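K.L.:
Dropping a structure here in structure tokens format, bear with me for questions.
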Amino acid sequence: MKKSLWYGSKKIEFDLRFNHRKTLGITVTPEMDVIVTAPMKASMKRVNALVTKRAPWILKQQSFFLTFYPKQPPKRYISGETHLYLGRQYRLKIRKGRREEVKLHGRFVDVSCKNRGRVKVLLKAWYLQHAELKFISLRDKWAEEFNVLPPAVAIREMPKRWGSCTVNGKVILNPELIKAPTGCIEYVIVHELCHLVHHNHTQKFIHLQSKMMPDWERWKMRLERLLA
């Protein structure tokens with residue numbers, strides 16, 4: 001059942017579920033949903049007291065997962081419009097030509113096409129091609145740092161995630177990451193590789209992430225600001 005309470009100026013909404021467990025538990029999902037699991041006879045007073053007590057942690061977790069939400073506004077794909085690539089801004093230059101191609105030229109991303117309606121398709125394919133090369137290269141680098149076999153990498157559009165790790169150890173990355181600086185991409189890859197060791201965001205997980213990438217918080221904040 002859906003419940004909510006206020007913690008200062010923040011409204012915390014949560015899904016309350018009852019089962020035969022003996023203690024109350026709170027989980028914040030990557031989608032920022034809050035799930036409270038309680039014993040069958042637990043009172044709302046007890047549930048609200050726990051949620052209020054854990055409110056700072058809940059808000060911190062939601063803020064943490066917010067990092068993985070792509071936030072760029074829709075593009076119009078017209079000349080003069082800015083597009084990101086590896087953290088740098090490039091102006092889109094569209095020209096009519098017999099050969100369809102996309103290439104960087106100075107501070108411009110130059111798109112040649114027969115039909116302007118093809119610009120979005122061509123640019124998306126160009127981003128994907130570069131994302132595959134960059135992500136695999138960084139995957140290999142960090143797998144060596146973790147001293148593990150390079151996990152399989154899949155590139156998949158995810159409206160609410162920058163990356164994820166499956167139970168089988170496959171790392172899934174959002175192609176939109178190619179628009180962020182290399183450090184931001186590495187942060188997401190390191191985050192997902194840490195999940196191969198610790199599946200949940202426990203203190204051990206944070207410790208491992210900090211050990212492998214001491215400045216991960218810097219890149220987390222950079223990713224938040226860049227694509228906000």
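To be explicit about the labels: the chains of the structure tokens are called A, B, and onward in the order shown, and within each one the residues are counted from 1, while ligands get numbers from 1 in the order they are shown.
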Fewer than 5 positions away in the same chain doesn't count, so skip those; otherwise give me all residues within 12 Å of stretch 151-160 of chain A, counting only C-alpha atoms, as a ChimeraX atom specification.
P.N.:
/A:29-32,65-72,124,127-144,146,165-178,189-190,192-196
K.L.:
If we count only C-alpha atoms and set the cut-off at 10 Å, which residues sit around A:Arg91, ignoring sequence neighbours fewer than 5 positions away in its own chain? Please answer as a PyMOL selection string.
P.N.:
chain A and resi 78-84+104-110
K.L.:
Would you please work out which residue, of A:Lys3, A:Ile206, A:Ala49, A:Met212, is nearest to A:Asp33 when using only C-alpha atoms?
P.N.:
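Of A:Lys3, A:Ile206, A:Ala49, A:Met212, the one nearest A:Asp33, counting only C-alpha atoms, is A:Lys3.
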K.L.:
Name the residues of stretch 74-156 of chain A that come out as strand (DSSP E or B) in a backbone DSSP run; write them as a list in words.
P.N.:
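For stretch 74-156 of chain A, the strand (DSSP E or B) set is Thr82, His83, Leu84, Tyr85, Arg88, Gln89, Tyr90, Arg91, Leu92, Lys93, Ile94, Arg95, Lys96, Glu101, Val102, Lys103, Leu104, His105, Phe108, Val109, Asp110, Val111, Ser112, Cys113, Val153, Ala154 and Ile155 of chain A.
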K.L.:
Can you pull out every residue within 12 Å of A:Tyr7, counting only C-alpha atoms, but drop anything in the same chain fewer than 2 positions away, and send it as a list in words?
P.N.:
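Counting only the stated atoms, we get Ser4, Leu5, Ser9, Lys10, Lys11, Ile12, Glu13, Asn48, Ala49, Leu50, Val51, Thr52, Lys53, Arg54, Ala55, Pro56, Trp57, Ile58 and Leu59 of chain A.
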K.L.:
What is the distance between atom CA of A:Glu224 and atom CA of A:Trp162, in Å to one decimal?
P.N.:
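Taking atom CA of A:Glu224 and atom CA of A:Trp162, their separation equals 11.1 Å.
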K.L.:
Nearest to A:Val102 among A:Val119, A:Val148, A:Val47, A:Leu226, with distances taken over only C-alpha atoms: which residue is it?
P.N.:
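Residue with the minimum atom-to-atom distance to A:Val102: A:Val119.
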K.L.:
Based on the backbone DSSP call, show me all residues of stretch 63-183 of chain A assigned helix (DSSP H, G or I), as a PyMOL selection string.
P.N.:
chain A and resi 63-66+116-146+175-179+182-183
K.L.:
Quick one, how far is atom CA of A:Ile185 from atom CA of A:Lys211?
P.N.:
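Computed distance, atom CA of A:Ile185 to atom CA of A:Lys211, equals 17.3 Å.
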K.L.:
Can you tell me, as an NGL selection string, what residues are no more than 10 Å from A:Trp219 when counting only C-alpha atoms, ignoring any on the same chain fewer than 2 positions away?
P.N.:
:A and (180-188 or 213 or 215-217 or 221-225)
K.L.:
For the residues in that selection, give me all heavy atoms as a compact mmCIF listing (two decimals), in the first residue's frame.
P.N.:
```txt
# COMPACT_ATOMS: atom_id res chain seq x y z
N ALA A 180 29.41 12.41 -21.97
CA ALA A 180 30.04 12.87 -20.73
C ALA A 180 31.56 12.72 -20.81
O ALA A 180 32.08 11.95 -21.62
CB ALA A 180 29.49 12.08 -19.56
N PRO A 181 32.30 13.43 -19.94
CA PRO A 181 33.76 13.27 -19.90
C PRO A 181 34.15 11.83 -19.58
O PRO A 181 33.39 11.09 -18.96
CB PRO A 181 34.19 14.22 -18.77
CG PRO A 181 33.10 15.22 -18.67
CD PRO A 181 31.84 14.46 -18.98
N THR A 182 35.35 11.46 -19.97
CA THR A 182 35.84 10.10 -19.74
C THR A 182 35.76 9.72 -18.26
O THR A 182 35.40 8.59 -17.93
CB THR A 182 37.28 9.97 -20.25
OG1 THR A 182 37.31 10.19 -21.66
CG2 THR A 182 37.83 8.57 -19.95
N GLY A 183 36.08 10.67 -17.36
CA GLY A 183 36.03 10.38 -15.93
C GLY A 183 34.64 9.97 -15.47
O GLY A 183 34.49 9.10 -14.60
N CYS A 184 33.61 10.58 -16.05
CA CYS A 184 32.23 10.23 -15.70
C CYS A 184 31.89 8.82 -16.18
O CYS A 184 31.22 8.06 -15.47
CB CYS A 184 31.26 11.24 -16.32
SG CYS A 184 31.40 12.92 -15.70
N ILE A 185 32.35 8.49 -17.38
CA ILE A 185 32.10 7.15 -17.92
C ILE A 185 32.80 6.11 -17.05
O ILE A 185 32.23 5.07 -16.71
CB ILE A 185 32.61 7.04 -19.38
CG1 ILE A 185 31.92 8.09 -20.26
CG2 ILE A 185 32.34 5.63 -19.93
CD1 ILE A 185 32.51 8.18 -21.66
N GLU A 186 34.04 6.42 -16.65
CA GLU A 186 34.79 5.51 -15.79
C GLU A 186 34.09 5.33 -14.45
O GLU A 186 34.05 4.23 -13.91
CB GLU A 186 36.21 6.04 -15.59
CG GLU A 186 37.07 5.93 -16.84
CD GLU A 186 38.50 6.35 -16.57
OE1 GLU A 186 38.73 7.54 -16.25
OE2 GLU A 186 39.39 5.48 -16.68
N TYR A 187 33.55 6.41 -13.92
CA TYR A 187 32.82 6.32 -12.64
C TYR A 187 31.67 5.32 -12.74
O TYR A 187 31.49 4.47 -11.85
CB TYR A 187 32.30 7.71 -12.24
CG TYR A 187 31.12 7.67 -11.31
CD1 TYR A 187 31.22 7.10 -10.03
CD2 TYR A 187 29.88 8.17 -11.71
CE1 TYR A 187 30.13 7.05 -9.19
CE2 TYR A 187 28.79 8.13 -10.87
CZ TYR A 187 28.92 7.56 -9.61
OH TYR A 187 27.83 7.50 -8.78
N VAL A 188 30.89 5.39 -13.80
CA VAL A 188 29.76 4.48 -13.95
C VAL A 188 30.25 3.04 -14.13
O VAL A 188 29.69 2.10 -13.55
CB VAL A 188 28.86 4.91 -15.14
CG1 VAL A 188 27.74 3.89 -15.36
CG2 VAL A 188 28.26 6.29 -14.89
N MET A 213 38.45 4.04 -7.00
CA MET A 213 38.38 5.36 -7.63
C MET A 213 38.15 6.41 -6.54
O MET A 213 37.01 6.81 -6.28
CB MET A 213 37.24 5.38 -8.66
CG MET A 213 37.25 6.57 -9.59
SD MET A 213 35.92 6.45 -10.83
CE MET A 213 36.42 7.76 -11.96
N ASP A 215 38.36 9.52 -6.31
CA ASP A 215 37.66 10.77 -6.65
C ASP A 215 36.31 10.54 -7.33
O ASP A 215 35.83 11.38 -8.08
CB ASP A 215 38.55 11.64 -7.54
CG ASP A 215 38.93 10.95 -8.85
OD1 ASP A 215 38.72 9.72 -8.97
OD2 ASP A 215 39.44 11.63 -9.76
N TRP A 216 35.69 9.38 -7.04
CA TRP A 216 34.43 9.07 -7.72
C TRP A 216 33.34 10.10 -7.45
O TRP A 216 32.50 10.38 -8.32
CB TRP A 216 33.93 7.68 -7.31
CG TRP A 216 33.48 7.52 -5.88
CD1 TRP A 216 34.25 7.12 -4.83
CD2 TRP A 216 32.19 7.77 -5.34
NE1 TRP A 216 33.52 7.10 -3.67
CE2 TRP A 216 32.24 7.49 -3.95
CE3 TRP A 216 30.98 8.19 -5.89
CZ2 TRP A 216 31.14 7.62 -3.11
CZ3 TRP A 216 29.87 8.33 -5.05
CH2 TRP A 216 29.95 8.05 -3.68
N GLU A 217 33.34 10.71 -6.27
CA GLU A 217 32.30 11.70 -5.96
C GLU A 217 32.42 12.93 -6.85
O GLU A 217 31.41 13.53 -7.22
CB GLU A 217 32.37 12.09 -4.48
CG GLU A 217 31.92 10.98 -3.54
CD GLU A 217 31.95 11.40 -2.10
OE1 GLU A 217 33.06 11.53 -1.54
OE2 GLU A 217 30.87 11.64 -1.53
N MET A 221 29.34 14.14 -9.29
CA MET A 221 28.79 15.49 -9.31
C MET A 221 28.93 16.12 -10.70
O MET A 221 28.04 16.84 -11.16
CB MET A 221 29.50 16.36 -8.27
CG MET A 221 29.27 15.92 -6.83
SD MET A 221 27.51 15.92 -6.37
CE MET A 221 27.15 17.67 -6.51
N ARG A 222 30.04 15.84 -11.37
CA ARG A 222 30.24 16.36 -12.72
C ARG A 222 29.18 15.82 -13.67
O ARG A 222 28.65 16.54 -14.52
CB ARG A 222 31.64 15.94 -13.20
CG ARG A 222 32.05 16.47 -14.58
CD ARG A 222 32.70 17.81 -14.50
NE ARG A 222 33.10 18.27 -15.82
CZ ARG A 222 34.30 18.05 -16.37
NH1 ARG A 222 35.22 17.39 -15.67
NH2 ARG A 222 34.59 18.52 -17.56
N LEU A 223 28.87 14.55 -13.53
CA LEU A 223 27.84 13.93 -14.38
C LEU A 223 26.49 14.56 -14.10
O LEU A 223 25.71 14.82 -15.02
CB LEU A 223 27.80 12.42 -14.11
CG LEU A 223 26.87 11.58 -15.00
CD1 LEU A 223 27.28 11.72 -16.46
CD2 LEU A 223 26.90 10.13 -14.56
N GLU A 224 26.18 14.80 -12.83
CA GLU A 224 24.91 15.42 -12.46
C GLU A 224 24.78 16.81 -13.08
O GLU A 224 23.74 17.18 -13.61
CB GLU A 224 24.77 15.51 -10.95
CG GLU A 224 24.53 14.18 -10.27
CD GLU A 224 24.43 14.33 -8.76
OE1 GLU A 224 24.95 15.34 -8.22
OE2 GLU A 224 23.85 13.45 -8.11
N ARG A 225 25.86 17.60 -12.98
CA ARG A 225 25.81 18.99 -13.47
C ARG A 225 25.80 19.04 -14.99
O ARG A 225 25.10 19.84 -15.59
CB ARG A 225 27.01 19.77 -12.95
CG ARG A 225 26.98 20.06 -11.46
CD ARG A 225 27.98 21.13 -11.11
NE ARG A 225 29.34 20.76 -11.48
CZ ARG A 225 30.18 20.14 -10.69
NH1 ARG A 225 29.81 19.80 -9.45
NH2 ARG A 225 31.40 19.83 -11.10
```
